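Novice: Let me begin by handing over the structure; questions about it come next.
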Amino acid sequence: MPYGRIILHIDETIENLDHDYIANELEKYTGKDVKVKGGIFREYGRESTPEKIARTRIASLESRIFRSPLPVEIDVEKRMLAGKHVRGIIYDGWKLLHVMLDHLPVESIPDHNIVVTSRLIGTLEKGDNRYHIRTVLHSVPSVISTGGIVQGPARPRAYYMEDNEACNVPYMGYGDDRMSKAVTSYALQTIMWRHTGKPFCSKRGCPLYNSHWQEELIDSQVDGRLCEEHRPKLYLSSG
Ligand SMILES: [Zn+2]
């Protein structure tokens with residue numbers, strides 16, 4: 001699907017994210033104009049926004065059941081939109097995506113919009129018996145979750161059972177210095193999806209690799225380089 005510019009909608013509450021670095025990298029790889037805006041719900045929020053977001057909270061990891069949000073839950077959303085950090089709430093990815101799409105201004109629909117949020121998003125696909133935390137949704141708009149980057153890709157069981165220090169693997173954390181690189185890599189996936197319909201690469205070490213483990217994420221999304229197969233594709237399709 002062709003598009004005009006790349007627009008990044010970045011939540012203000014994400015700590016330690018280098019907006020200029022991400023924009024420059026995407027510009028470098030695609031040749032497209034990249035614009036950085038504030039969080040989508042802050043920029044285009046309406047009176048009903050907190051309630052609409054609260055309606056997409058999942059009640060249970062095992063089922064797609066939603067209920068009317070309690071006033072206190074709507075209040076949490078209001079406080080989050082005002083800049084408060086709240087962790088641990090999981091939203092249904094596809095439902096939240098609809099709310100995001102509903103907030104995008106019509107004139108920016110022809111652009112490639114990427115929402116970068118700290119919210120945790122989960123999806124329950126056909127055949128799944130449990131929600132999976134997602135790092136990225138390849139969609140319109142595309143969504144990258146920094147909470148998902150920290151909590152989505154699994155860590156070895158030993159990590160949870162032993163002293164974290166003993167594991168000796170520098171997993172991603174909140175406010176991590178490497179988050180800008182990881183977000184850039186997931187943004188490249190969404191751009192590849194937009195160009196070809198295929199966001200992933202099978203080669204570990206390429207930022208387009210579909211990482212399921214934290215170690216893979218560090219190798220591919222943080223320390224990775226686009227492989228020979230994918231590097232030219234982004235250049236060719238630029239302009
Ligand atoms: Zn590749």
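Each chain of the structure tokens is named A, B, ... in the order shown, its residues numbered from 1; ligands are numbered from 1 in display order.
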Kindly compile the residues surrounding ligand 1 within 10 Å, counting only C-alpha atoms and all ligand atoms, and format them as a list in words.
Specialist: Gln189, Pro199, Phe200, Cys201, Ser202, Lys203, Arg204, Gly205, Cys206, Pro207, Leu208, Tyr209, Ser220, Gly224, Arg225, Leu226, Cys227, Glu228, Glu229, His230, Arg231 and Lys233 of chain A
Novice: Next, dump the selected residues to file, keeping only N, CA and C atoms, as a PDB file, in the first residue's frame.
Specialist:
ATOM      1  N   GLN A 189       9.763  -2.886  10.638  1.00  0.00           N
ATOM      2  CA  GLN A 189       8.857  -4.012  10.338  1.00  0.00           C
ATOM      3  C   GLN A 189       7.524  -3.499   9.793  1.00  0.00           C
ATOM      4  N   PRO A 199       5.995  -8.437   7.073  1.00  0.00           N
ATOM      5  CA  PRO A 199       6.863  -7.659   7.972  1.00  0.00           C
ATOM      6  C   PRO A 199       8.122  -8.383   8.428  1.00  0.00           C
ATOM      7  N   PHE A 200       8.143  -9.731   8.309  1.00  0.00           N
ATOM      8  CA  PHE A 200       9.197 -10.483   8.999  1.00  0.00           C
ATOM      9  C   PHE A 200      10.288 -11.013   8.076  1.00  0.00           C
ATOM     10  N   CYS A 201      11.439 -11.243   8.704  1.00  0.00           N
ATOM     11  CA  CYS A 201      12.573 -11.880   8.042  1.00  0.00           C
ATOM     12  C   CYS A 201      12.908 -13.131   8.847  1.00  0.00           C
ATOM     13  N   SER A 202      13.349 -14.164   8.163  1.00  0.00           N
ATOM     14  CA  SER A 202      13.640 -15.415   8.879  1.00  0.00           C
ATOM     15  C   SER A 202      15.051 -15.423   9.470  1.00  0.00           C
ATOM     16  N   LYS A 203      15.854 -14.407   9.154  1.00  0.00           N
ATOM     17  CA  LYS A 203      17.248 -14.406   9.637  1.00  0.00           C
ATOM     18  C   LYS A 203      17.376 -13.696  10.977  1.00  0.00           C
ATOM     19  N   ARG A 204      17.790 -14.456  11.981  1.00  0.00           N
ATOM     20  CA  ARG A 204      18.040 -13.835  13.278  1.00  0.00           C
ATOM     21  C   ARG A 204      19.188 -12.835  13.115  1.00  0.00           C
ATOM     22  N   GLY A 205      19.028 -11.664  13.703  1.00  0.00           N
ATOM     23  CA  GLY A 205      20.047 -10.619  13.539  1.00  0.00           C
ATOM     24  C   GLY A 205      19.562  -9.510  12.631  1.00  0.00           C
ATOM     25  N   CYS A 206      18.517  -9.787  11.837  1.00  0.00           N
ATOM     26  CA  CYS A 206      17.892  -8.749  11.013  1.00  0.00           C
ATOM     27  C   CYS A 206      16.802  -8.096  11.886  1.00  0.00           C
ATOM     28  N   PRO A 207      16.692  -6.773  11.889  1.00  0.00           N
ATOM     29  CA  PRO A 207      15.673  -6.112  12.719  1.00  0.00           C
ATOM     30  C   PRO A 207      14.246  -6.551  12.388  1.00  0.00           C
ATOM     31  N   LEU A 208      14.086  -7.210  11.227  1.00  0.00           N
ATOM     32  CA  LEU A 208      12.747  -7.660  10.844  1.00  0.00           C
ATOM     33  C   LEU A 208      12.437  -9.077  11.364  1.00  0.00           C
ATOM     34  N   TYR A 209      13.387  -9.658  12.077  1.00  0.00           N
ATOM     35  CA  TYR A 209      13.176 -11.006  12.631  1.00  0.00           C
ATOM     36  C   TYR A 209      12.051 -10.972  13.668  1.00  0.00           C
ATOM     37  N   SER A 220      18.415  -9.016  17.457  1.00  0.00           N
ATOM     38  CA  SER A 220      17.835  -8.573  16.183  1.00  0.00           C
ATOM     39  C   SER A 220      17.349  -7.123  16.216  1.00  0.00           C
ATOM     40  N   GLY A 224      20.863  -5.663  15.839  1.00  0.00           N
ATOM     41  CA  GLY A 224      20.786  -6.202  14.481  1.00  0.00           C
ATOM     42  C   GLY A 224      21.069  -5.187  13.385  1.00  0.00           C
ATOM     43  N   ARG A 225      21.336  -5.701  12.200  1.00  0.00           N
ATOM     44  CA  ARG A 225      21.478  -4.886  10.984  1.00  0.00           C
ATOM     45  C   ARG A 225      20.597  -5.508   9.913  1.00  0.00           C
ATOM     46  N   LEU A 226      20.005  -4.677   9.087  1.00  0.00           N
ATOM     47  CA  LEU A 226      19.174  -5.232   8.011  1.00  0.00           C
ATOM     48  C   LEU A 226      20.016  -6.173   7.160  1.00  0.00           C
ATOM     49  N   CYS A 227      19.467  -7.333   6.855  1.00  0.00           N
ATOM     50  CA  CYS A 227      20.214  -8.327   6.079  1.00  0.00           C
ATOM     51  C   CYS A 227      20.270  -7.904   4.614  1.00  0.00           C
ATOM     52  N   GLU A 228      21.079  -8.612   3.852  1.00  0.00           N
ATOM     53  CA  GLU A 228      21.270  -8.231   2.445  1.00  0.00           C
ATOM     54  C   GLU A 228      19.965  -8.270   1.664  1.00  0.00           C
ATOM     55  N   GLU A 229      19.114  -9.195   2.042  1.00  0.00           N
ATOM     56  CA  GLU A 229      17.849  -9.322   1.312  1.00  0.00           C
ATOM     57  C   GLU A 229      16.956  -8.097   1.539  1.00  0.00           C
ATOM     58  N   HIS A 230      16.959  -7.587   2.768  1.00  0.00           N
ATOM     59  CA  HIS A 230      16.009  -6.518   3.087  1.00  0.00           C
ATOM     60  C   HIS A 230      16.551  -5.113   2.932  1.00  0.00           C
ATOM     61  N   ARG A 231      17.831  -4.967   3.064  1.00  0.00           N
ATOM     62  CA  ARG A 231      18.412  -3.628   2.967  1.00  0.00           C
ATOM     63  C   ARG A 231      18.011  -2.932   1.647  1.00  0.00           C
ATOM     64  N   LYS A 233      15.589  -3.459  -0.380  1.00  0.00           N
ATOM     65  CA  LYS A 233      14.149  -3.296  -0.625  1.00  0.00           C
ATOM     66  C   LYS A 233      13.644  -1.951  -0.121  1.00  0.00           C
TER      67      LYS A 233
END
Novice: At a cut-off of 9 Å, using only C-alpha atoms, what residues contact region 68-73 of chain A? Leave out same-chain residues fewer than 5 positions from it and give the result as a list of chain:residue names.
Specialist: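 Non-adjacent residues within range: A:Pro50, A:Glu51, A:Ala54, A:Arg55, A:Thr56, A:Arg57, A:Lys78.
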Novice: For the residues in the current selection, export C-alpha atoms as a CSV table (one decimal), in the first residue's frame.
Specialist:
chain,number,residue,atom,x,y,z
A,50,PRO,CA,-10.7,7.9,28.4
A,51,GLU,CA,-13.9,5.9,28.5
A,54,ALA,CA,-11.0,1.9,29.3
A,55,ARG,CA,-13.5,-0.2,27.3
A,56,THR,CA,-10.7,-2.1,25.6
A,57,ARG,CA,-9.1,-3.3,28.9
A,78,LYS,CA,-7.6,10.3,32.5
Novice: So that I can check the secondary structure, give me every residue of region 32-172 of chain A assigned strand (DSSP E) by backbone DSSP, as a PyMOL selection string.
Specialist: chain A and resi 34-38+90-92+112-117+120-123+132-134+136-137+142-145
Novice: List the neighbours of Ile7 (chain A) out to 8 Å using only C-alpha atoms; skip same-chain residues closer than 3 positions along the sequence, and give me the result as number ranges by chain.
Specialist: A: 34-37, 111-114
Novice: How about saving the chosen residues, N, CA and C atoms kept, as a CSV table (one decimal), in the first residue's frame?
Specialist:
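So the final result, stored in part.csv, reads:
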chain,number,residue,atom,x,y,z
A,34,VAL,N,9.7,12.1,7.6
A,34,VAL,CA,9.2,11.5,8.8
A,34,VAL,C,8.8,12.7,9.8
A,35,LYS,N,7.6,12.6,10.3
A,35,LYS,CA,7.1,13.6,11.2
A,35,LYS,C,6.8,13.0,12.6
A,36,VAL,N,7.3,13.7,13.6
A,36,VAL,CA,7.0,13.2,15.0
A,36,VAL,C,6.0,14.0,15.7
A,37,LYS,N,5.0,13.4,16.2
A,37,LYS,CA,3.9,14.1,16.9
A,37,LYS,C,3.8,13.5,18.3
A,111,ASP,N,-1.0,8.7,5.0
A,111,ASP,CA,0.4,8.5,5.5
A,111,ASP,C,0.6,7.2,6.2
A,112,HIS,N,1.8,6.8,6.5
A,112,HIS,CA,2.0,5.6,7.3
A,112,HIS,C,2.1,6.0,8.8
A,113,ASN,N,1.1,5.8,9.5
A,113,ASN,CA,1.0,6.2,10.9
A,113,ASN,C,1.5,5.1,11.8
A,114,ILE,N,2.4,5.5,12.7
A,114,ILE,CA,2.9,4.5,13.7
A,114,ILE,C,2.7,5.1,15.1
Novice: Hey, what's within 12 Å of Glu25 (chain A) if we count only C-alpha atoms and toss same-chain stuff fewer than 2 positions away? As a list of chain:residue names, please?
Specialist: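 These residues fall inside the cut-off: A:Ile6, A:Asp18, A:His19, A:Asp20, A:Tyr21, A:Ile22, A:Ala23, A:Glu27, A:Lys28, A:Tyr29, A:Thr30, A:Gly31, A:Lys32, A:Asp33, A:Val34, A:Ser180, A:Lys181, A:Ala182, A:Val183, A:Thr184, A:Ser185, A:Ala187, A:Leu188, A:Leu234.
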Novice: Go ahead and write the residues just picked, C-alpha atoms, as a PDB file, in the first residue's frame.
Specialist:
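Result file is part31.pdb:
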ATOM      1  CA  ILE A   6       5.722   8.474   7.952  1.00  0.00           C
ATOM      2  CA  ASP A  18      15.240   9.585  21.395  1.00  0.00           C
ATOM      3  CA  HIS A  19      12.610  10.838  18.961  1.00  0.00           C
ATOM      4  CA  ASP A  20      15.156  12.446  16.618  1.00  0.00           C
ATOM      5  CA  TYR A  21      17.205   9.253  16.393  1.00  0.00           C
ATOM      6  CA  ILE A  22      14.151   7.195  15.409  1.00  0.00           C
ATOM      7  CA  ALA A  23      12.966   9.761  12.859  1.00  0.00           C
ATOM      8  CA  GLU A  27      14.255   8.757   6.979  1.00  0.00           C
ATOM      9  CA  LYS A  28      17.645   7.257   6.158  1.00  0.00           C
ATOM     10  CA  TYR A  29      16.214   3.816   5.360  1.00  0.00           C
ATOM     11  CA  THR A  30      13.140   4.886   3.440  1.00  0.00           C
ATOM     12  CA  GLY A  31      13.896   8.305   1.964  1.00  0.00           C
ATOM     13  CA  LYS A  32      10.462   9.372   3.227  1.00  0.00           C
ATOM     14  CA  ASP A  33       9.583  12.483   5.154  1.00  0.00           C
ATOM     15  CA  VAL A  34       9.175  11.544   8.839  1.00  0.00           C
ATOM     16  CA  SER A 180      15.105   3.869  20.684  1.00  0.00           C
ATOM     17  CA  LYS A 181      16.871   1.195  18.623  1.00  0.00           C
ATOM     18  CA  ALA A 182      14.221  -1.410  19.382  1.00  0.00           C
ATOM     19  CA  VAL A 183      11.397   0.978  18.453  1.00  0.00           C
ATOM     20  CA  THR A 184      13.212   1.844  15.200  1.00  0.00           C
ATOM     21  CA  SER A 185      13.463  -1.854  14.314  1.00  0.00           C
ATOM     22  CA  ALA A 187       8.958   0.646  12.953  1.00  0.00           C
ATOM     23  CA  LEU A 188      10.958  -0.850  10.054  1.00  0.00           C
ATOM     24  CA  LEU A 234      13.678  -0.282   1.591  1.00  0.00           C
TER      25      LEU A 234
END
Novice: Could you check which of A:Val140, A:Met192, A:Leu17, A:Ile218 is closest to Pro170 (chain A), using only C-alpha atoms?
Specialist: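 Among the listed residues, the smallest separation from Pro170 (chain A) belongs to A:Ile218.
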Novice: Here is a test: counting only C-alpha atoms, which residue of A:Ile10, A:Ile58, A:Val76, A:Met1 is nearest to Val143 (chain A)?
Specialist: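 Using only C-alpha atoms, Val143 (chain A) sits closest to A:Ile10.
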Novice: List the spatial neighbours of Ser118 (chain A) as an MDAnalysis selection string - criterion: any atom at most 7 Å away, only C-alpha atoms, same-chain residues fewer than 4 positions off excluded.
Specialist: chainID A and resid 11 14 145:147
Novice: Could you give me, as an mmCIF file with N, CA and C atoms, in the first residue's frame, each residue of region 15-111 of chain A that DSSP assigns to helix (DSSP H, G or I) when run on this structure's backbone?
Specialist:
data_model
loop_
_atom_site.group_PDB
_atom_site.id
_atom_site.type_symbol
_atom_site.label_atom_id
_atom_site.label_comp_id
_atom_site.auth_asym_id
_atom_site.auth_seq_id
_atom_site.Cartn_x
_atom_site.Cartn_y
_atom_site.Cartn_z
ATOM 1 N N HIS A 19 13.511 10.661 20.108
ATOM 2 C CA HIS A 19 12.610 10.838 18.961
ATOM 3 C C HIS A 19 13.382 11.174 17.681
ATOM 4 N N ASP A 20 14.398 12.036 17.805
ATOM 5 C CA ASP A 20 15.156 12.446 16.618
ATOM 6 C C ASP A 20 15.911 11.267 16.014
ATOM 7 N N TYR A 21 16.467 10.425 16.886
ATOM 8 C CA TYR A 21 17.205 9.253 16.393
ATOM 9 C C TYR A 21 16.271 8.361 15.556
ATOM 10 N N ILE A 22 15.092 8.082 16.104
ATOM 11 C CA ILE A 22 14.151 7.195 15.409
ATOM 12 C C ILE A 22 13.749 7.801 14.063
ATOM 13 N N ALA A 23 13.407 9.088 14.092
ATOM 14 C CA ALA A 23 12.966 9.761 12.859
ATOM 15 C C ALA A 23 14.091 9.760 11.821
ATOM 16 N N ASN A 24 15.323 10.062 12.251
ATOM 17 C CA ASN A 24 16.444 10.111 11.301
ATOM 18 C C ASN A 24 16.720 8.742 10.690
ATOM 19 N N GLU A 25 16.671 7.706 11.528
ATOM 20 C CA GLU A 25 16.928 6.358 11.016
ATOM 21 C C GLU A 25 15.881 5.960 9.974
ATOM 22 N N LEU A 26 14.623 6.253 10.272
ATOM 23 C CA LEU A 26 13.554 5.869 9.333
ATOM 24 C C LEU A 26 13.674 6.659 8.033
ATOM 25 N N GLU A 27 14.072 7.920 8.163
ATOM 26 C CA GLU A 27 14.255 8.757 6.979
ATOM 27 C C GLU A 27 15.393 8.200 6.127
ATOM 28 N N LYS A 28 16.462 7.792 6.828
ATOM 29 C CA LYS A 28 17.645 7.257 6.158
ATOM 30 C C LYS A 28 17.306 5.979 5.385
ATOM 31 N N TYR A 29 16.508 5.109 5.987
ATOM 32 C CA TYR A 29 16.214 3.816 5.360
ATOM 33 C C TYR A 29 15.156 3.894 4.271
ATOM 34 N N THR A 30 14.256 4.878 4.385
ATOM 35 C CA THR A 30 13.140 4.886 3.440
ATOM 36 C C THR A 30 13.179 6.051 2.456
ATOM 37 N N ILE A 40 -1.137 9.959 20.428
ATOM 38 C CA ILE A 40 -2.340 10.099 19.593
ATOM 39 C C ILE A 40 -3.555 10.535 20.416
ATOM 40 N N PHE A 41 -3.684 10.008 21.653
ATOM 41 C CA PHE A 41 -4.867 10.334 22.451
ATOM 42 C C PHE A 41 -4.752 11.713 23.098
ATOM 43 N N ARG A 42 -3.546 12.200 23.223
ATOM 44 C CA ARG A 42 -3.385 13.559 23.759
ATOM 45 C C ARG A 42 -3.599 14.583 22.655
ATOM 46 N N GLU A 43 -3.030 14.276 21.479
ATOM 47 C CA GLU A 43 -3.131 15.220 20.358
ATOM 48 C C GLU A 43 -4.572 15.351 19.866
ATOM 49 N N THR A 49 -12.643 10.081 25.143
ATOM 50 C CA THR A 49 -11.455 9.254 24.919
ATOM 51 C C THR A 49 -11.116 8.321 26.097
ATOM 52 N N PRO A 50 -11.060 8.832 27.347
ATOM 53 C CA PRO A 50 -10.684 7.925 28.446
ATOM 54 C C PRO A 50 -11.628 6.727 28.561
ATOM 55 N N GLU A 51 -12.923 6.971 28.371
ATOM 56 C CA GLU A 51 -13.873 5.856 28.484
ATOM 57 C C GLU A 51 -13.676 4.864 27.340
ATOM 58 N N LYS A 52 -13.453 5.393 26.134
ATOM 59 C CA LYS A 52 -13.261 4.495 24.984
ATOM 60 C C LYS A 52 -12.033 3.613 25.179
ATOM 61 N N ILE A 53 -10.971 4.191 25.727
ATOM 62 C CA ILE A 53 -9.758 3.394 25.980
ATOM 63 C C ILE A 53 -10.061 2.349 27.062
ATOM 64 N N ALA A 54 -10.723 2.788 28.137
ATOM 65 C CA ALA A 54 -11.005 1.879 29.263
ATOM 66 C C ALA A 54 -11.846 0.683 28.817
ATOM 67 N N PRO A 71 -16.055 3.677 36.986
ATOM 68 C CA PRO A 71 -15.589 5.070 37.003
ATOM 69 C C PRO A 71 -14.109 5.176 37.375
ATOM 70 N N VAL A 72 -13.667 4.316 38.280
ATOM 71 C CA VAL A 72 -12.264 4.390 38.704
ATOM 72 C C VAL A 72 -11.317 4.018 37.553
ATOM 73 N N GLU A 73 -11.779 3.131 36.666
ATOM 74 C CA GLU A 73 -10.944 2.748 35.524
ATOM 75 C C GLU A 73 -10.854 3.879 34.492
ATOM 76 N N ILE A 74 -11.965 4.580 34.340
ATOM 77 C CA ILE A 74 -11.955 5.735 33.428
ATOM 78 C C ILE A 74 -11.041 6.814 34.000
ATOM 79 N N ASP A 75 -11.097 6.939 35.323
ATOM 80 C CA ASP A 75 -10.257 7.920 36.000
ATOM 81 C C ASP A 75 -8.763 7.612 35.823
ATOM 82 N N VAL A 76 -8.419 6.329 35.842
ATOM 83 C CA VAL A 76 -7.021 5.928 35.622
ATOM 84 C C VAL A 76 -6.574 6.382 34.231
ATOM 85 N N GLU A 77 -7.449 6.188 33.238
ATOM 86 C CA GLU A 77 -7.107 6.606 31.876
ATOM 87 C C GLU A 77 -6.908 8.111 31.794
ATOM 88 N N LYS A 78 -7.764 8.843 32.508
ATOM 89 C CA LYS A 78 -7.630 10.306 32.515
ATOM 90 C C LYS A 78 -6.278 10.699 33.083
ATOM 91 N N ARG A 79 -5.898 10.019 34.158
ATOM 92 C CA ARG A 79 -4.619 10.364 34.794
ATOM 93 C C ARG A 79 -3.445 9.952 33.908
ATOM 94 N N MET A 80 -3.603 8.835 33.194
ATOM 95 C CA MET A 80 -2.529 8.429 32.275
ATOM 96 C C MET A 80 -2.382 9.451 31.144
ATOM 97 N N LEU A 81 -3.506 9.937 30.653
ATOM 98 C CA LEU A 81 -3.448 10.929 29.582
ATOM 99 C C LEU A 81 -2.846 12.234 30.089
ATOM 100 N N GLY A 93 -5.542 -5.603 21.805
ATOM 101 C CA GLY A 93 -4.856 -4.887 20.735
ATOM 102 C C GLY A 93 -5.763 -4.416 19.618
ATOM 103 N N TRP A 94 -6.644 -5.314 19.147
ATOM 104 C CA TRP A 94 -7.461 -4.949 17.983
ATOM 105 C C TRP A 94 -8.542 -3.951 18.364
ATOM 106 N N LYS A 95 -9.058 -4.061 19.574
ATOM 107 C CA LYS A 95 -10.069 -3.078 20.010
ATOM 108 C C LYS A 95 -9.432 -1.699 20.220
ATOM 109 N N LEU A 96 -8.247 -1.705 20.828
ATOM 110 C CA LEU A 96 -7.558 -0.427 21.046
ATOM 111 C C LEU A 96 -7.182 0.208 19.706
ATOM 112 N N LEU A 97 -6.822 -0.654 18.757
ATOM 113 C CA LEU A 97 -6.472 -0.167 17.421
ATOM 114 C C LEU A 97 -7.649 0.604 16.797
ATOM 115 N N HIS A 98 -8.858 0.085 16.988
ATOM 116 C CA HIS A 98 -10.040 0.770 16.459
ATOM 117 C C HIS A 98 -10.199 2.153 17.074
ATOM 118 N N VAL A 99 -9.932 2.235 18.377
ATOM 119 C CA VAL A 99 -10.040 3.540 19.048
ATOM 120 C C VAL A 99 -8.971 4.488 18.487
ATOM 121 N N MET A 100 -7.778 3.959 18.245
ATOM 122 C CA MET A 100 -6.712 4.789 17.665
ATOM 123 C C MET A 100 -7.105 5.283 16.277
ATOM 124 N N LEU A 101 -7.599 4.357 15.473
ATOM 125 C CA LEU A 101 -7.993 4.713 14.103
ATOM 126 C C LEU A 101 -9.066 5.802 14.123
ATOM 127 N N ASP A 102 -9.963 5.679 15.082
ATOM 128 C CA ASP A 102 -11.038 6.649 15.238
ATOM 129 C C ASP A 102 -10.492 8.037 15.616
ATOM 130 N N HIS A 103 -9.316 8.094 16.213
ATOM 131 C CA HIS A 103 -8.730 9.377 16.620
ATOM 132 C C HIS A 103 -7.802 9.972 15.559
ATOM 133 N N VAL A 106 -8.493 12.529 9.449
ATOM 134 C CA VAL A 106 -8.721 11.970 8.104
ATOM 135 C C VAL A 106 -7.574 12.300 7.153
ATOM 136 N N GLU A 107 -7.038 13.519 7.273
ATOM 137 C CA GLU A 107 -6.008 13.935 6.309
ATOM 138 C C GLU A 107 -4.707 13.139 6.448
ATOM 139 N N SER A 108 -4.521 12.466 7.602
ATOM 140 C CA SER A 108 -3.261 11.712 7.726
ATOM 141 C C SER A 108 -3.425 10.234 7.398
#
Novice: Quick one: residues within 9 Å of Ile90 (chain A), only C-alpha atoms counted, chain neighbours fewer than 6 positions away excluded, as an MDAnalysis selection string?
Specialist: chainID A and resid 56:59 61 119:122 133
